[in-house]
file my_file_31.txt (compact mmCIF, C-alpha atoms)
# COMPACT_ATOMS: atom_id res chain seq x y z
CA MET F 1 31.88 6.75 35.38
CA SER F 2 28.19 6.77 34.44
CA THR F 3 27.07 7.18 30.85
CA LEU F 4 25.85 10.68 31.71
CA GLU F 5 29.25 11.60 33.19
CA ILE F 6 31.00 10.18 30.10
CA LEU F 7 28.68 12.23 27.92
CA ARG F 8 29.25 15.44 29.89
CA GLU F 9 33.00 14.85 29.95
CA ALA F 10 33.05 14.14 26.19
CA ARG F 11 31.12 17.35 25.59
CA ARG F 12 33.44 19.37 27.80
CA ARG F 13 36.54 18.02 26.05
CA GLY F 14 35.01 18.17 22.59
CA ASP F 15 35.66 14.43 22.23
CA PHE F 16 32.57 13.33 20.31
CA ARG F 17 33.92 9.81 19.64
CA ALA F 18 33.69 9.00 23.34
CA LEU F 19 29.91 9.46 23.12
CA ALA F 20 29.28 6.48 20.84
CA ALA F 21 31.91 4.35 22.57
CA ALA F 22 29.95 4.64 25.84
CA VAL F 23 26.84 2.92 24.42
CA PRO F 24 27.04 -0.90 24.08
CA TYR F 25 24.28 -1.06 21.44
CA ALA F 26 26.07 1.56 19.31
CA ARG F 27 29.16 -0.68 19.39
CA PHE F 28 27.05 -3.75 18.57
CA LEU F 29 25.56 -2.08 15.50
CA GLY F 30 28.78 -0.38 14.47
CA ILE F 31 27.61 3.20 14.99
CA ASP F 32 30.37 5.78 15.19
CA LEU F 33 30.42 9.57 15.22
CA GLU F 34 32.24 11.91 12.90
CA MET F 35 32.58 15.67 12.67
CA ARG F 36 32.40 17.23 9.22
CA GLU F 37 32.37 20.99 8.74
CA GLY F 38 31.18 21.48 12.30
CA GLN F 39 28.28 19.06 11.90
CA LEU F 40 28.12 15.94 14.06
CA LEU F 41 27.38 12.90 11.90
CA GLY F 42 26.29 9.41 12.89
CA LEU F 43 28.04 6.72 10.86
CA LEU F 44 26.68 3.18 10.56
CA ARG F 45 29.50 0.98 9.30
CA TYR F 46 28.27 -1.68 6.91
CA ASP F 47 28.25 -5.27 8.12
CA ASP F 48 26.45 -8.31 6.66
CA ALA F 49 24.59 -8.68 9.98
CA LEU F 50 22.73 -5.41 9.25
CA ILE F 51 20.89 -6.88 6.26
CA GLY F 52 17.11 -7.22 6.53
CA ASN F 53 16.35 -8.48 3.03
CA PRO F 54 19.16 -10.56 1.51
CA MET F 55 17.45 -10.81 -1.89
CA ILE F 56 17.60 -7.11 -2.77
CA PRO F 57 19.87 -6.85 -0.63
CA ALA F 58 18.69 -4.09 1.70
CA LEU F 59 19.57 -2.94 5.19
CA HIS F 60 17.12 -3.87 7.96
CA GLY F 61 14.68 -1.03 8.60
CA GLY F 62 15.33 -1.37 12.32
CA THR F 63 19.03 -0.64 11.91
CA LEU F 64 18.22 2.60 10.07
CA GLY F 65 15.74 3.51 12.80
CA ALA F 66 18.39 2.82 15.41
CA LEU F 67 20.96 4.97 13.56
CA LEU F 68 18.47 7.84 13.27
CA GLU F 69 17.44 7.59 16.93
CA SER F 70 21.04 7.31 18.16
CA THR F 71 22.18 10.26 16.06
CA ALA F 72 19.33 12.37 17.46
CA ILE F 73 20.27 11.45 21.04
CA PHE F 74 23.97 12.14 20.43
CA GLN F 75 23.08 15.50 18.91
CA ILE F 76 21.10 16.40 22.04
CA GLY F 77 23.99 15.25 24.23
CA TRP F 78 26.35 17.37 22.15
CA GLU F 79 24.30 20.56 22.24
CA VAL F 80 22.62 20.45 25.64
CA GLU F 81 24.21 20.40 29.10
CA LEU F 82 22.23 17.43 30.39
CA THR F 83 21.56 16.32 33.94
CA ALA F 84 20.02 13.01 32.78
CA LEU F 85 20.21 10.94 29.61
CA PRO F 86 17.54 11.85 27.02
CA ARG F 87 14.62 9.45 26.83
CA THR F 88 12.79 8.85 23.57
CA ILE F 89 9.08 9.67 23.77
CA THR F 90 8.14 9.02 20.14
CA LEU F 91 10.08 8.25 17.01
CA THR F 92 8.61 8.25 13.49
CA VAL F 93 10.76 6.88 10.69
CA ASN F 94 10.02 7.43 7.00
CA TYR F 95 11.69 4.98 4.66
CA LEU F 96 12.40 6.68 1.33
CA ARG F 97 14.89 4.47 -0.49
CA SER F 98 16.34 1.03 -0.11
CA GLY F 99 19.39 0.93 2.16
CA ARG F 100 22.17 -0.56 0.02
CA PRO F 101 24.86 -2.78 1.56
CA ARG F 102 27.29 0.00 2.42
CA ASP F 103 27.90 2.65 5.10
CA VAL F 104 25.13 5.07 6.11
CA LEU F 105 25.56 8.61 7.41
CA ALA F 106 23.05 10.60 9.45
CA ARG F 107 22.73 14.16 10.66
CA ALA F 108 20.32 15.52 13.26
CA THR F 109 18.89 18.99 13.80
CA ILE F 110 17.23 20.07 17.02
CA ALA F 111 14.10 21.80 15.73
CA ARG F 112 13.05 22.93 19.15
CA GLN F 113 14.45 22.56 22.62
CA GLY F 114 12.24 23.36 25.55
CA ARG F 115 12.71 22.72 29.23
CA ARG F 116 11.42 19.17 29.07
CA VAL F 117 11.23 18.15 25.42
CA ALA F 118 13.63 18.34 22.51
CA SER F 119 12.14 17.86 19.03
CA VAL F 120 14.69 16.55 16.60
CA SER F 121 14.66 15.79 12.87
CA VAL F 122 17.20 13.39 11.41
CA GLU F 123 18.18 12.36 7.89
CA ALA F 124 20.17 9.33 6.76
CA TRP F 125 21.87 8.94 3.39
CA GLN F 126 24.50 6.86 1.62
CA ASP F 127 25.89 8.59 -1.47
CA ASP F 128 24.22 11.95 -1.61
CA PRO F 129 22.98 13.98 1.40
CA GLU F 130 20.34 15.43 -0.94
CA ARG F 131 18.91 11.95 -1.52
CA PRO F 132 18.10 10.63 1.97
CA ILE F 133 17.25 6.94 2.31
CA ALA F 134 15.35 7.52 5.56
CA THR F 135 14.26 10.44 7.71
CA ALA F 136 12.86 10.60 11.22
CA THR F 137 11.36 13.00 13.67
CA GLY F 138 11.62 12.28 17.35
CA HIS F 139 10.55 13.84 20.62
CA PHE F 140 12.88 13.31 23.54
CA LEU F 141 12.39 13.90 27.23
CA ILE F 142 15.34 15.87 28.54
CA GLN F 143 16.59 17.19 31.83
CA GLY F 144 19.19 19.85 31.49
CA GLU F 145 19.94 23.50 31.71
CA ALA F 146 17.06 25.54 30.33
CA PRO F 147 17.76 27.33 27.05
CA ALA F 148 17.27 31.07 27.00
CA GLY F 149 13.54 31.68 26.90
CA GLY F 150 12.84 27.91 26.90
CA MET O 1 7.93 -20.36 8.00
CA THR O 2 8.65 -19.19 11.53
CA ARG O 3 12.20 -20.52 11.30
CA ALA O 4 12.74 -19.11 7.81
CA PHE O 5 11.68 -15.70 9.00
CA THR O 6 14.68 -15.29 11.27
CA ALA O 7 17.08 -17.58 9.40
CA LEU O 8 16.70 -15.59 6.19
CA VAL O 9 16.89 -12.15 7.80
CA PRO O 10 20.48 -11.70 8.97
CA HIS O 11 19.78 -8.80 11.29
CA ASN O 12 16.91 -10.60 13.03
CA ALA O 13 19.29 -13.51 13.58
CA ALA O 14 21.98 -11.13 14.88
CA LEU O 15 19.53 -9.79 17.46
CA GLY O 16 18.41 -13.30 18.43
CA ILE O 17 14.81 -12.57 17.42
CA GLU O 18 12.60 -15.65 17.19
CA VAL O 19 9.09 -16.02 15.85
CA LEU O 20 6.73 -17.58 18.38
CA GLU O 21 3.40 -17.42 16.54
CA LEU O 22 2.04 -16.35 13.18
CA GLY O 23 -1.69 -15.99 12.53
CA ASP O 24 -3.81 -14.88 9.56
CA ALA O 25 -2.75 -11.28 10.05
CA THR O 26 -0.90 -11.41 13.35
CA SER O 27 2.59 -12.05 14.63
CA LEU O 28 4.27 -12.69 17.96
CA LEU O 29 8.06 -12.40 18.14
CA ARG O 30 10.50 -12.63 21.01
CA LEU O 31 13.81 -10.86 21.58
CA PRO O 32 16.00 -12.31 24.35
CA TYR O 33 17.79 -9.90 26.68
CA ASP O 34 21.40 -9.40 25.61
CA PRO O 35 23.95 -7.11 27.33
CA ARG O 36 25.30 -6.11 23.89
CA LEU O 37 21.98 -4.36 23.21
CA ILE O 38 22.12 -2.08 26.24
CA GLY O 39 21.66 1.66 25.77
CA ASP O 40 22.75 2.84 29.20
CA PRO O 41 25.33 0.58 30.90
CA GLN O 42 24.51 2.04 34.30
CA THR O 43 20.90 0.86 34.25
CA GLY O 44 21.23 -2.08 31.84
CA VAL O 45 18.11 -0.91 29.98
CA LEU O 46 17.94 -1.97 26.31
CA HIS O 47 18.53 0.76 23.71
CA GLY O 48 15.37 2.16 22.12
CA GLY O 49 16.74 1.15 18.73
CA VAL O 50 16.44 -2.50 19.75
CA ILE O 51 12.70 -2.08 20.35
CA THR O 52 12.50 -0.32 16.96
CA SER O 53 14.15 -3.30 15.24
CA LEU O 54 11.91 -5.80 17.06
CA LEU O 55 8.72 -3.94 16.15
CA ASP O 56 9.88 -3.41 12.55
CA ALA O 57 10.32 -7.19 12.25
CA THR O 58 7.06 -7.88 14.12
CA PHE O 59 4.99 -5.51 12.01
CA GLY O 60 6.55 -6.75 8.79
CA ALA O 61 5.64 -10.33 9.75
CA ALA O 62 2.02 -9.39 10.51
CA ALA O 63 1.71 -7.54 7.19
CA PHE O 64 3.21 -10.47 5.31
CA MET O 65 0.73 -12.88 6.92
CA ALA O 66 -2.19 -10.66 5.89
CA LEU O 67 -1.32 -10.69 2.19
CA PRO O 68 -3.64 -12.70 -0.09
CA SER O 69 -0.54 -14.05 -1.84
CA PRO O 70 3.16 -13.63 -0.96
CA SER O 71 4.53 -10.34 -2.21
CA PRO O 72 7.58 -8.29 -1.34
CA LEU O 73 6.90 -5.52 1.17
CA ALA O 74 8.63 -2.18 1.59
CA THR O 75 8.29 -0.28 4.85
CA LEU O 76 6.92 3.22 4.25
CA ASP O 77 6.95 4.44 7.82
CA LEU O 78 7.20 3.22 11.36
CA ARG O 79 6.16 5.06 14.48
CA ILE O 80 7.15 3.97 17.97
CA ASP O 81 5.76 5.38 21.21
CA TYR O 82 8.03 4.58 24.15
CA LEU O 83 5.69 4.02 27.08
CA LYS O 84 8.16 2.93 29.74
CA PRO O 85 11.76 1.68 29.91
CA ALA O 86 12.33 -2.03 29.32
CA THR O 87 13.22 -3.97 32.48
CA PRO O 88 16.88 -5.12 32.42
CA GLY O 89 17.38 -8.87 32.12
CA GLN O 90 13.96 -9.61 30.65
CA ALA O 91 13.06 -10.76 27.15
CA VAL O 92 10.80 -8.52 25.07
CA HIS O 93 7.83 -9.71 23.02
CA GLY O 94 6.54 -7.94 19.95
CA ARG O 95 2.94 -8.42 18.91
CA GLY O 96 1.60 -7.10 15.62
CA GLU O 97 -1.78 -7.03 13.93
CA CYS O 98 -2.37 -6.07 10.32
CA TYR O 99 -5.76 -4.45 10.55
CA ARG O 100 -6.18 -3.42 6.93
CA VAL O 101 -4.72 -4.44 3.56
CA THR O 102 -5.55 -2.63 0.36
CA ARG O 103 -4.27 -3.40 -3.13
CA ASN O 104 -1.18 -1.33 -2.43
CA VAL O 105 -0.78 -0.82 1.29
CA ALA O 106 -0.78 -2.86 4.52
CA PHE O 107 -1.54 -1.10 7.82
CA VAL O 108 -0.16 -2.65 11.01
CA ARG O 109 -0.24 -1.77 14.70
CA GLY O 110 1.05 -3.45 17.80
CA ILE O 111 2.99 -3.37 21.05
CA ALA O 112 6.18 -4.50 22.74
CA TYR O 113 5.95 -5.97 26.25
CA HIS O 114 7.77 -8.30 28.65
CA ASP O 115 5.15 -10.79 29.90
CA ASP O 116 2.00 -8.75 30.32
CA PRO O 117 0.48 -7.24 27.15
CA SER O 118 -1.56 -4.89 29.34
CA ALA O 119 1.68 -3.28 30.56
CA PRO O 120 3.43 -2.50 27.25
CA ILE O 121 6.92 -1.04 26.95
CA ALA O 122 6.12 0.50 23.59
CA GLY O 123 3.27 0.91 21.14
CA GLY O 124 3.62 1.50 17.47
CA SER O 125 2.28 1.35 13.96
CA ALA O 126 3.67 0.92 10.48
CA THR O 127 2.57 1.01 6.87
CA PHE O 128 3.99 -1.18 4.14
CA MET O 129 3.85 -0.84 0.39
CA LEU O 130 3.10 -4.02 -1.53
CA THR O 131 5.63 -4.18 -4.31
CA GLN O 132 5.68 -6.18 -7.50
CA ARG O 133 9.44 -6.38 -7.55
CA PRO O 134 10.70 -9.92 -8.03
CA GLY O 135 12.72 -11.35 -5.18
CA SER O 136 12.12 -12.44 -1.65
CA GLY O 137 8.81 -11.62 -0.03
CA LEU O 138 10.49 -11.34 3.32
CA PRO O 139 9.84 -8.05 5.03
CA GLY O 140 12.47 -6.26 7.03
CA GLY O 141 14.22 -4.32 4.30
CA SER O 142 13.53 -0.70 3.62
CA PRO O 143 11.84 0.08 0.25

call {"tool": "encode", "arguments": {"input": "my_file_31.txt", "output": "C-alpha cells"}}
result
Amino acid sequence: MSTLEILREARRRGDFRALAAAVPYARFLGIDLEMREGQLLGLLRYDDALIGNPMIPALHGGTLGALLESTAIFQIGWEVELTALPRTITLTVNYLRSGRPRDVLARATIARQGRRVASVSVEAWQDDPERPIATATGHFLIQGEAPAGG
Amino acid sequence: MTRAFTALVPHNAALGIEVLELGDATSLLRLPYDPRLIGDPQTGVLHGGVITSLLDATFGAAAFMALPSPSPLATLDLRIDYLKPATPGQAVHGRGECYRVTRNVAFVRGIAYHDDPSAPIAGGSATFMLTQRPGSGLPGGSP
C-alpha cells in the first residue's frame, strides 16, 4: 500500500495513529499522533538524540521544525481527501522559547485551503499550550477534492 | 572545530551530519542519505524536516563563524523554501553564509543541494540572537 493509500485508509477508518506510523522519518524522530478533545496533536517523544545544545540543554531547532512541519502535513491529510501527498512549498519557524529535554506537543490549524495550496499555522508547546516554544506557518501544495467555493 | 560541531550536538550526530568546510562567515555541511529519514516510502524522498534540520545546523555554523568572539546563539526564525524534491539515494549538502552581524543579531542565508549548487533542493534564511548566557557557544538549540 502506498503512503497515500495508507493515509486515505487511516482517514476513512478514523485511525490517526496509522498516519505517523507510515512515515519512516516520523518513526526515526519519535513523532506520534494523539487526539485530544477532537484536536489532532503531534507528539514528539523526548530522546537524548534530539538535543541540539547539550549545555543548556535544549532541543535541536531542526527537530522542532520537523515536528511542526509533520503536524501540519498530518492535519492536511486528516482534513482533506487527498489524491497526492502534500508537498511543502515554504515553512517559516519562529523559535520563542528553549525546548527543554522533555516531550513536545503540536497542533495545526488550516488557515486557508484552496484548490492547490493549503496555508497552515502550527504551534508547539511543552507544559502550557498558551506558552508555545515554537510556531510555524507553512504553505503546502495539495491535490485533492476542492473545498466548497475553493 | 569541524569535528566538535557534530560530536557535541547529539542530533547532528544522530542524522550523520558532518562539517566539510568552515570559513570566516560560511559553512558547508553534508548529510548522507539514510532510509530512516525518508518521508514517503514509495518514492524514497527524504522528509522535508531533514532538510530543515540540515539547514538549521548549517546556518547556525555560518553565524557562529561570523562572530567576533564565541558567543551562544539562539535561533529566532528559520525559513525554508522547498524548490524541488531531494533525489533518493543522494547525500545533501548545506551551504550557509552569514551576510551581516550586528551587536545582537546574525543574519544568514543559504541553500541545500546534492552536487550542483546551481540546482538547489531548498533555499532558506535564518536569524540568530547573540546571547550573553554562559554555556556552550554551539548553535543548534532553540533560544

call {"tool": "closest_atom_pairs", "arguments": {"input": "my_file_31.txt", "of": "chain F", "to": "chain O", "cutoff": "9 Å", "atoms": "all atoms listed in the file", "output": "tab-separated table"}}
result
residue	atom	partner	partner_atom	distance
F:Met1	CA	O:Gln42	CA	8.8
F:Ser2	CA	O:Gln42	CA	6.0
F:Thr3	CA	O:Asp40	CA	6.3
F:Leu4	CA	O:Asp40	CA	8.8
F:Ala22	CA	O:Pro41	CA	8.0
F:Val23	CA	O:Gly39	CA	5.5
F:Pro24	CA	O:Arg36	CA	5.5
F:Tyr25	CA	O:Leu37	CA	4.4
F:Ala26	CA	O:Gly39	CA	7.8
F:Arg27	CA	O:Arg36	CA	8.0
F:Phe28	CA	O:Arg36	CA	6.1
F:Leu29	CA	O:Leu37	CA	8.8
F:Asp48	CA	O:Pro10	CA	7.2
F:Ala49	CA	O:His11	CA	5.0
F:Leu50	CA	O:His11	CA	4.9
F:Ile51	CA	O:His11	CA	5.5
F:Gly52	CA	O:Gly141	CA	4.7
F:Asn53	CA	O:Gly141	CA	4.8
F:Pro54	CA	O:Val9	CA	6.9
F:Met55	CA	O:Ser136	CA	5.6
F:Ile56	CA	O:Gly135	CA	6.9
F:Pro57	CA	O:Gly141	CA	7.9
F:Ala58	CA	O:Gly141	CA	5.2
F:Leu59	CA	O:Gly141	CA	5.6
F:His60	CA	O:Gly141	CA	4.7
F:Gly61	CA	O:Ser142	CA	5.1
F:Gly62	CA	O:Ser53	CA	3.7
F:Thr63	CA	O:Ser53	CA	6.5
F:Leu64	CA	O:Ser142	CA	8.6
F:Gly65	CA	O:Gly49	CA	6.5
F:Ala66	CA	O:Gly49	CA	4.1
F:Leu67	CA	O:Gly49	CA	7.7
F:Leu68	CA	O:Gly49	CA	8.8
F:Glu69	CA	O:Gly49	CA	6.7
F:Ser70	CA	O:Gly49	CA	7.5
F:Leu85	CA	O:Asp40	CA	8.5
F:Arg87	CA	O:Tyr82	CA	8.6
F:Thr88	CA	O:Tyr82	CA	6.4
F:Ile89	CA	O:Tyr82	CA	5.2
F:Thr90	CA	O:Asp81	CA	4.5
F:Leu91	CA	O:Ile80	CA	5.3
F:Thr92	CA	O:Arg79	CA	4.1
F:Val93	CA	O:Leu78	CA	5.1
F:Asn94	CA	O:Asp77	CA	4.4
F:Tyr95	CA	O:Leu76	CA	5.1
F:Leu96	CA	O:Pro143	CA	6.7
F:Arg97	CA	O:Pro143	CA	5.4
F:Ser98	CA	O:Pro143	CA	4.6
F:Gly99	CA	O:Ser142	CA	6.3
F:Ile133	CA	O:Ser142	CA	8.6
F:Ala134	CA	O:Ser142	CA	8.6

call {"tool": "atom_distance", "arguments": {"input": "my_file_31.txt", "atom1": "atom CA of O:Thr58", "atom2": "atom CA of O:Gly96"}}
result
5.7 Å

call {"tool": "closest_residue", "arguments": {"input": "my_file_31.txt", "among": "O:Ala62, O:Tyr33, O:Pro68, O:Glu18", "to": "O:Glu97", "atoms": "only C-alpha atoms"}}
result
O:Ala62

call {"tool": "atom_distance", "arguments": {"input": "my_file_31.txt", "atom1": "atom CA of F:Ile142", "atom2": "atom CA of F:Gly42"}}
result
20.2 Å

call {"tool": "atom_distance", "arguments": {"input": "my_file_31.txt", "atom1": "atom CA of O:His114", "atom2": "atom CA of O:Phe59"}}
result
17.1 Å
